[in-house]
>>> print(open('target-v6.txt').read())   # compact mmCIF, C-alpha atoms
# COMPACT_ATOMS: atom_id res chain seq x y z
CA MET A 299 77.51 23.83 17.04
CA SER A 300 73.98 23.29 15.69
CA LEU A 301 71.96 25.51 13.36
CA GLN A 302 68.75 27.10 14.61
CA LYS A 303 65.66 25.31 13.24
CA PRO A 304 64.21 27.55 10.50
CA LEU A 305 60.68 28.85 10.70
CA MET A 306 58.59 26.02 9.22
CA ARG A 307 54.98 27.08 9.52
CA GLY A 308 52.63 29.84 10.61
CA MET A 309 54.14 32.46 8.30
CA LEU A 310 50.78 33.50 6.80
CA GLY A 311 49.19 33.77 10.22
CA LYS A 312 52.12 35.82 11.49
CA ARG A 313 51.93 38.11 8.45
CA LEU A 314 48.20 38.56 8.83
CA ARG A 315 48.46 39.23 12.58
CA PHE A 316 50.99 41.92 11.76
CA HIS A 317 49.42 43.56 8.69
CA LEU A 318 45.64 43.29 9.14
CA PRO A 319 45.43 45.47 12.28
CA ILE A 320 47.57 48.06 10.51
CA ALA A 321 45.39 47.86 7.39
CA PHE A 322 42.14 48.31 9.32
CA SER A 323 43.60 51.08 11.46
CA LEU A 324 44.90 52.96 8.43
CA SER A 325 41.57 52.70 6.64
CA LEU A 326 39.70 53.91 9.73
CA LEU A 327 42.21 56.73 10.02
CA ALA A 328 41.61 57.69 6.38
CA ALA A 329 37.85 57.80 6.99
CA ILE A 330 38.22 59.83 10.20
CA ALA A 331 40.66 62.21 8.50
CA PHE A 332 38.23 62.74 5.62
CA LYS A 333 35.37 63.30 8.06
CA TYR A 334 37.20 65.97 10.06
CA ALA A 335 39.08 67.54 7.15
CA VAL A 336 36.19 67.72 4.65
CA THR A 337 32.76 66.65 5.92
CA GLU A 338 32.58 68.57 9.20
CA PRO A 339 34.21 71.78 7.85
CA ARG A 340 31.73 71.77 4.94
CA LYS A 341 28.75 71.38 7.30
CA GLN A 342 30.16 74.16 9.48
CA ALA A 343 30.81 76.40 6.46
CA TYR A 344 27.19 76.12 5.35
CA ALA A 345 25.91 76.70 8.89
CA ASP A 346 28.16 79.76 9.33
CA PHE A 347 27.20 81.14 5.91
CA TYR A 348 23.49 81.09 6.64
CA LYS A 349 23.86 82.24 10.25
CA GLN A 350 25.13 85.65 9.11
CA TYR A 351 23.29 85.71 5.80
CA ASP A 352 21.26 88.79 4.99
CA ALA A 353 19.28 87.94 1.87
CA THR A 354 18.11 91.53 1.27
CA LYS A 355 21.64 92.95 1.53
CA GLU A 356 23.02 90.29 -0.80
CA PHE A 357 20.17 90.76 -3.24
CA ASN A 358 20.74 94.53 -3.35
CA ALA A 359 24.48 94.04 -3.90
CA MET A 360 23.80 91.62 -6.77
CA ARG A 361 21.15 93.96 -8.17
CA GLU A 362 23.52 96.93 -8.21
CA ALA A 363 26.16 94.75 -9.88
CA GLY A 364 23.68 94.23 -12.73
CA ILE A 365 23.49 90.46 -12.38
CA PHE A 366 19.75 90.14 -12.63
CA GLU A 367 17.68 90.63 -15.75
CA SER A 368 14.30 90.86 -14.04
CA VAL A 369 15.53 93.65 -11.72
CA ARG A 370 17.84 96.33 -13.05
CA PRO A 371 20.20 98.45 -10.87
CA SER A 372 18.39 101.29 -9.10
CA GLU A 373 20.01 104.10 -11.20
CA GLU A 374 18.66 102.67 -14.47
CA MET B 104 27.80 77.75 -12.04
CA ALA B 105 30.82 75.50 -12.46
CA HIS B 106 34.28 77.08 -12.39
CA PRO B 107 37.56 75.99 -13.99
CA SER B 108 39.39 73.05 -12.36
CA GLN B 109 36.39 72.41 -10.12
CA LEU B 110 36.43 68.93 -8.55
CA GLY B 111 33.31 68.78 -6.38
CA PHE B 112 29.70 69.85 -6.66
CA GLN B 113 28.62 73.45 -7.19
CA ASP B 114 27.65 75.36 -4.03
CA ALA B 115 24.18 74.36 -2.91
CA ALA B 116 21.38 76.89 -3.38
CA SER B 117 18.57 74.73 -2.03
CA PRO B 118 18.08 72.71 1.17
CA VAL B 119 17.84 69.42 -0.74
CA MET B 120 21.14 70.07 -2.52
CA GLU B 121 22.80 70.75 0.84
CA GLU B 122 21.58 67.38 2.08
CA LEU B 123 22.87 65.72 -1.10
CA LEU B 124 26.28 67.36 -0.60
CA HIS B 125 26.55 66.03 2.96
CA PHE B 126 25.40 62.57 1.86
CA HIS B 127 28.01 62.54 -0.88
CA ASP B 128 30.68 63.41 1.69
CA HIS B 129 29.46 60.54 3.86
CA ALA B 130 29.50 58.05 0.96
CA LEU B 131 32.93 59.26 -0.20
CA MET B 132 34.29 58.79 3.33
CA ILE B 133 33.19 55.14 3.14
CA VAL B 134 34.76 54.85 -0.32
CA PHE B 135 38.10 56.09 1.08
CA LEU B 136 37.80 53.65 3.99
CA ILE B 137 37.38 50.64 1.70
CA SER B 138 39.89 51.85 -0.90
CA THR B 139 42.60 52.38 1.72
CA LEU B 140 42.04 48.86 3.07
CA VAL B 141 42.13 47.27 -0.39
CA LEU B 142 45.19 49.25 -1.46
CA TYR B 143 47.10 48.27 1.68
CA ILE B 144 46.21 44.59 1.13
CA ILE B 145 47.31 44.77 -2.53
CA VAL B 146 50.67 46.28 -1.59
CA ALA B 147 51.14 43.71 1.17
CA MET B 148 50.35 40.88 -1.26
CA VAL B 149 52.79 41.99 -3.95
CA SER B 150 55.62 42.80 -1.57
CA THR B 151 56.37 39.28 -0.30
CA LYS B 152 58.12 36.22 -1.70
CA LEU B 153 56.00 33.89 0.48
CA THR B 154 53.08 31.95 -1.01
CA ASN B 155 50.39 29.86 0.63
CA LYS B 156 48.72 27.12 -1.36
CA TYR B 157 47.06 25.16 1.42
CA ILE B 158 44.09 27.19 2.60
CA LEU B 159 40.92 25.68 1.22
CA ASP B 160 38.19 27.47 3.16
CA SER B 161 37.46 29.38 6.31
CA GLN B 162 33.96 29.83 7.67
CA GLU B 163 35.11 32.55 10.06
CA ILE B 164 36.49 34.84 7.39
CA GLU B 165 33.48 34.21 5.13
CA VAL B 166 31.19 35.38 7.95
CA ILE B 167 33.32 38.47 8.56
CA TRP B 168 33.52 39.54 4.95
CA THR B 169 29.76 39.12 4.53
CA ILE B 170 28.61 40.84 7.72
CA LEU B 171 31.01 43.78 7.50
CA PRO B 172 30.03 44.84 3.94
CA ALA B 173 26.35 44.38 4.83
CA PHE B 174 26.84 46.71 7.78
CA ILE B 175 28.60 49.25 5.57
CA LEU B 176 25.77 49.08 3.04
CA ILE B 177 23.25 49.79 5.80
CA LEU B 178 25.37 52.77 6.85
CA ILE B 179 25.01 54.10 3.30
CA ALA B 180 21.36 53.15 2.79
CA LEU B 181 19.91 54.86 5.87
CA PRO B 182 20.94 58.45 5.02
CA SER B 183 20.16 57.76 1.38
CA LEU B 184 16.58 56.71 2.11
CA ARG B 185 16.22 59.65 4.46
CA ILE B 186 17.00 62.08 1.67
CA LEU B 187 14.81 60.17 -0.77
CA TYR B 188 11.80 60.55 1.52
CA LEU B 189 12.74 64.16 2.29
CA MET B 190 12.58 64.96 -1.43
CA ASP B 191 9.14 63.35 -1.67
CA GLU B 192 7.52 65.26 1.17
CA ILE B 193 4.29 67.15 0.51
CA ASN B 194 5.73 70.53 -0.24
CA ASP B 195 2.64 72.71 -1.03
CA PRO B 196 4.22 74.77 -3.80
CA HIS B 197 3.51 78.51 -4.07
CA LEU B 198 4.04 78.48 -7.82
CA THR B 199 3.87 75.97 -10.65
CA ILE B 200 5.92 76.48 -13.80
CA LYS B 201 5.86 74.30 -16.88
CA ALA B 202 9.24 73.76 -18.52
CA MET B 203 8.89 72.38 -22.03
CA GLY B 204 11.89 71.08 -23.93
CA HIS B 205 12.19 71.73 -27.65
CA GLN B 206 14.92 71.26 -30.19
CA TRP B 207 16.82 73.33 -29.11
CA TYR B 208 15.42 75.67 -26.48
CA TRP B 209 13.28 75.63 -23.38
CA SER B 210 9.91 77.33 -23.01
CA TYR B 211 8.42 78.30 -19.67
CA GLU B 212 4.74 78.73 -18.88
CA TYR B 213 3.47 80.46 -15.74
CA THR B 214 -0.25 79.70 -15.89
CA ASP B 215 -1.28 79.79 -12.21
CA TYR B 216 -2.94 83.20 -12.44
CA GLU B 217 -2.47 84.60 -15.95
CA ASP B 218 -1.22 83.12 -19.19
CA LEU B 219 2.47 83.93 -19.24
CA GLY B 220 4.77 81.99 -21.52
CA PHE B 221 8.09 82.64 -23.22
CA ASP B 222 10.92 80.84 -24.94
CA SER B 223 14.46 80.67 -23.60
CA TYR B 224 17.18 80.41 -26.23
CA MET B 225 20.90 80.28 -25.56
CA LEU B 226 22.68 83.58 -26.10
CA PRO B 227 25.13 83.09 -29.00
CA THR B 228 28.76 83.62 -28.03
CA GLN B 229 29.15 86.66 -30.27
CA ASP B 230 26.21 88.36 -28.52
CA LEU B 231 27.52 87.98 -24.98
CA ALA B 232 28.15 91.08 -22.88
CA PRO B 233 31.40 91.25 -20.85
CA GLY B 234 31.08 89.09 -17.73
CA GLN B 235 28.46 86.78 -19.18
CA PHE B 236 29.08 83.05 -19.38
CA ARG B 237 29.69 81.27 -22.68
CA LEU B 238 27.13 78.55 -23.55
CA LEU B 239 25.26 79.16 -20.28
CA GLU B 240 23.37 82.43 -20.75
CA ALA B 241 19.85 82.53 -22.13
CA ASP B 242 17.85 85.39 -23.59
CA HIS B 243 14.96 84.92 -21.14
CA ARG B 244 15.53 83.53 -17.69
CA MET B 245 13.10 81.53 -15.59
CA VAL B 246 12.45 83.94 -12.75
CA ILE B 247 11.20 82.61 -9.43
CA PRO B 248 10.54 84.09 -5.97
CA VAL B 249 13.29 83.23 -3.46
CA GLU B 250 12.54 80.99 -0.45
CA SER B 251 9.25 79.80 -1.98
CA PRO B 252 8.51 76.16 -2.84
CA ILE B 253 8.34 75.93 -6.62
CA ARG B 254 6.84 73.06 -8.57
CA VAL B 255 8.22 72.50 -12.08
CA LEU B 256 6.30 70.32 -14.52
CA VAL B 257 8.72 69.12 -17.14
CA SER B 258 7.83 67.77 -20.54
CA ALA B 259 9.00 67.91 -24.13
CA GLU B 260 7.50 68.74 -27.48
CA ASP B 261 9.70 66.59 -29.69
CA VAL B 262 12.48 64.35 -28.36
CA LEU B 263 13.84 63.55 -24.91
CA HIS B 264 15.43 66.41 -23.00
CA SER B 265 16.28 66.85 -19.32
CA TRP B 266 15.82 69.93 -17.17
CA ALA B 267 18.72 70.18 -14.74
CA VAL B 268 20.08 72.86 -12.40
CA PRO B 269 22.93 71.36 -10.33
CA SER B 270 23.11 74.03 -7.63
CA LEU B 271 19.40 73.59 -6.88
CA GLY B 272 19.76 69.79 -6.83
CA VAL B 273 17.22 69.31 -9.62
CA LYS B 274 17.22 67.09 -12.65
CA MET B 275 14.09 65.81 -14.36
CA ASP B 276 13.75 64.13 -17.72
CA ALA B 277 11.54 65.85 -20.28
CA VAL B 278 9.65 63.07 -22.06
CA PRO B 279 7.24 63.85 -24.91
CA GLY B 280 3.70 62.95 -23.93
CA ARG B 281 4.57 62.73 -20.22
CA LEU B 282 4.44 65.26 -17.38
CA ASN B 283 7.19 64.87 -14.82
CA GLN B 284 7.09 66.84 -11.62
CA THR B 285 9.93 68.16 -9.53
CA ALA B 286 10.07 70.74 -6.76
CA PHE B 287 12.68 72.89 -5.09
CA ILE B 288 13.20 75.94 -2.89
CA ALA B 289 15.87 78.53 -3.72
CA SER B 290 17.45 79.28 -0.34
CA ARG B 291 19.09 82.52 -1.46
CA PRO B 292 18.70 85.07 -4.26
CA GLY B 293 20.94 84.68 -7.27
CA VAL B 294 21.26 83.28 -10.76
CA PHE B 295 21.61 79.51 -11.17
CA TYR B 296 22.69 77.77 -14.34
CA GLY B 297 22.07 74.35 -15.80
CA GLN B 298 22.24 72.57 -19.13
CA CYS B 299 20.06 70.11 -21.01
CA SER B 300 20.95 66.68 -19.64
CA GLU B 301 19.57 64.26 -22.22
CA ILE B 302 21.01 63.96 -25.70
CA CYS B 303 18.57 65.58 -28.07
CA GLY B 304 20.34 66.30 -31.33
CA ALA B 305 22.86 68.65 -32.83
CA ASN B 306 22.42 71.51 -30.35
CA HIS B 307 21.92 69.48 -27.19
CA SER B 308 24.85 71.33 -25.58
CA PHE B 309 23.42 74.70 -26.56
CA MET B 310 20.08 74.90 -24.75
CA PRO B 311 20.96 76.03 -21.23
CA ILE B 312 18.64 76.66 -18.30
CA VAL B 313 18.94 79.86 -16.27
CA VAL B 314 16.95 80.30 -13.07
CA GLU B 315 16.86 83.75 -11.45
CA ALA B 316 15.68 83.86 -7.82
CA VAL B 317 14.54 87.29 -6.60
CA PRO B 318 12.40 88.54 -3.70
CA LEU B 319 8.66 88.13 -4.19
CA GLN B 320 7.85 91.79 -4.86
CA TYR B 321 10.38 91.90 -7.73
CA PHE B 322 9.07 88.62 -9.10
CA GLU B 323 5.56 90.09 -9.16
CA LYS B 324 6.79 93.24 -10.95
CA TRP B 325 8.66 91.11 -13.47
CA SER B 326 5.65 88.91 -14.21
CA SER B 327 3.41 91.98 -14.69
CA LEU B 328 5.94 93.47 -17.11
CA MET B 329 6.23 90.20 -19.01
CA LEU B 330 2.44 90.00 -19.32
CA GLU B 331 2.30 93.52 -20.72
CA ASP B 332 4.90 92.58 -23.31
>>> encode(input="target-v6.txt", output="structure tokens")
Amino acid sequence: MSLQKPLMRGMLGKRLRFHLPIAFSLSLLAAIAFKYAVTEPRKQAYADFYKQYDATKEFNAMREAGIFESVRPSEE
Amino acid sequence: MAHPSQLGFQDAASPVMEELLHFHDHALMIVFLISTLVLYIIVAMVSTKLTNKYILDSQEIEVIWTILPAFILILIALPSLRILYLMDEINDPHLTIKAMGHQWYWSYEYTDYEDLGFDSYMLPTQDLAPGQFRLLEADHRMVIPVESPIRVLVSAEDVLHSWAVPSLGVKMDAVPGRLNQTAFIASRPGVFYGQCSEICGANHSFMPIVVEAVPLQYFEKWSSLMLED
């Protein structure tokens, strides 16, 4: 019975062909995950905030809370 | 203002700061992309007993790892330049305020129509009312009308200072003998805090900036009252 010839060459190439596609895919996945978990929700949050934003109402609420120094609450 | 255990930027209160936030997200996404790739390669390299001593060069890989980073840099540069030019647009300010840095307080001058000027010292910790912020409150705030383009001319009377309000996306060095200009629009009413951003001596950390954005009619009432005083 004869032994199988061991793998003599091409090990780096084989390793690269296996690992590099995984490496690039994982890094692309990380970027896409960050984009859809952080970037897009933040853009949407700002858009939604200003869509319903009533500056006068918010100003009056802050005024009554006594936050401003140039404008005191209306009872004062 | 900043809050405890905060990791990211403060909420934007001006259109430019919103753009900067989104650009930072874009740049950070690219950082994660590259870091993930490099980390995977490092782990793959340390987790093998195989070595290769016979590769001397490879034109193909040299081309790839030159073109790809150049492409990534262009992806970063284009939005960056867009914001740079956005910040430089002719903005036709409604109001010009001079912010002068001193050791260790700011003074504000509203000289468009009348001669209004006042100093802004930090409120000492023992004088704070409940709910006020330590090392951030000032005795006189810089009041501005909301949703109006404001021009701030920044300079200093003694040493270098820097006028910065993170939530408005503004930072401008105060250099003695030099007038620096910056501009912003407060998108919403509120109170926005900043701190001196150039080392200027013993009390550099104790000369905060407080900007109060209120509707125009209240700004006008405030400025009349200040003039009377």
>>> interface_residues(input="target-v6.txt", of="chain B", to="chain A", cutoff="10 Å", atoms="all atoms listed in the file", output="ChimeraX atom specification")
/B:114-115,121-122,124-129,131-144,147,151,153-155,234-235,242-247,249-250,290-294,315-318,321-322,324-326,328-329
>>> atom_distance(input="target-v6.txt", atom1="atom CA of B:Ile158", atom2="atom CA of A:Met306")
16.0 Å
>>> atom_distance(input="target-v6.txt", atom1="atom CA of B:Asp332", atom2="atom CA of B:Pro233")
26.6 Å
>>> atom_distance(input="target-v6.txt", atom1="atom CA of B:Val262", atom2="atom CA of B:Gly204")
8.1 Å
>>> closest_residue(input="target-v6.txt", among="A:Gly308, A:Pro339, A:Ala345, A:Tyr334", to="B:Pro118", atoms="all atoms listed in the file")
A:Ala345
>>> residues_around(input="target-v6.txt", residues="B:Ser308", least_positions_apart="3", cutoff="10 Å", atoms="all atoms listed in the file", output="tab-separated table (two decimals) with C-alpha atoms, in the frame of the given file")
chain	number	residue	atom	x	y	z
B	207	TRP	CA	16.82	73.33	-29.11
B	225	MET	CA	20.90	80.28	-25.56
B	238	LEU	CA	27.13	78.55	-23.55
B	239	LEU	CA	25.26	79.16	-20.28
B	298	GLN	CA	22.24	72.57	-19.13
B	299	CYS	CA	20.06	70.11	-21.01
B	300	SER	CA	20.95	66.68	-19.64
B	301	GLU	CA	19.57	64.26	-22.22
B	302	ILE	CA	21.01	63.96	-25.70
B	303	CYS	CA	18.57	65.58	-28.07
B	304	GLY	CA	20.34	66.30	-31.33
B	305	ALA	CA	22.86	68.65	-32.83
B	311	PRO	CA	20.96	76.03	-21.23
>>> residues_around(input="target-v6.txt", residues="B:Gln284", least_positions_apart="4", cutoff="8 Å", atoms="all atoms listed in the file", output="number ranges by chain")
B: 254-257, 275
>>> residues_near_point(input="target-v6.txt", point="(9.5, 62.6, -18.9)", cutoff="12 Å", atoms="all atoms listed in the file", output="VMD selection string")
chain B and resid 202 to 204 256 to 266 274 to 285 301
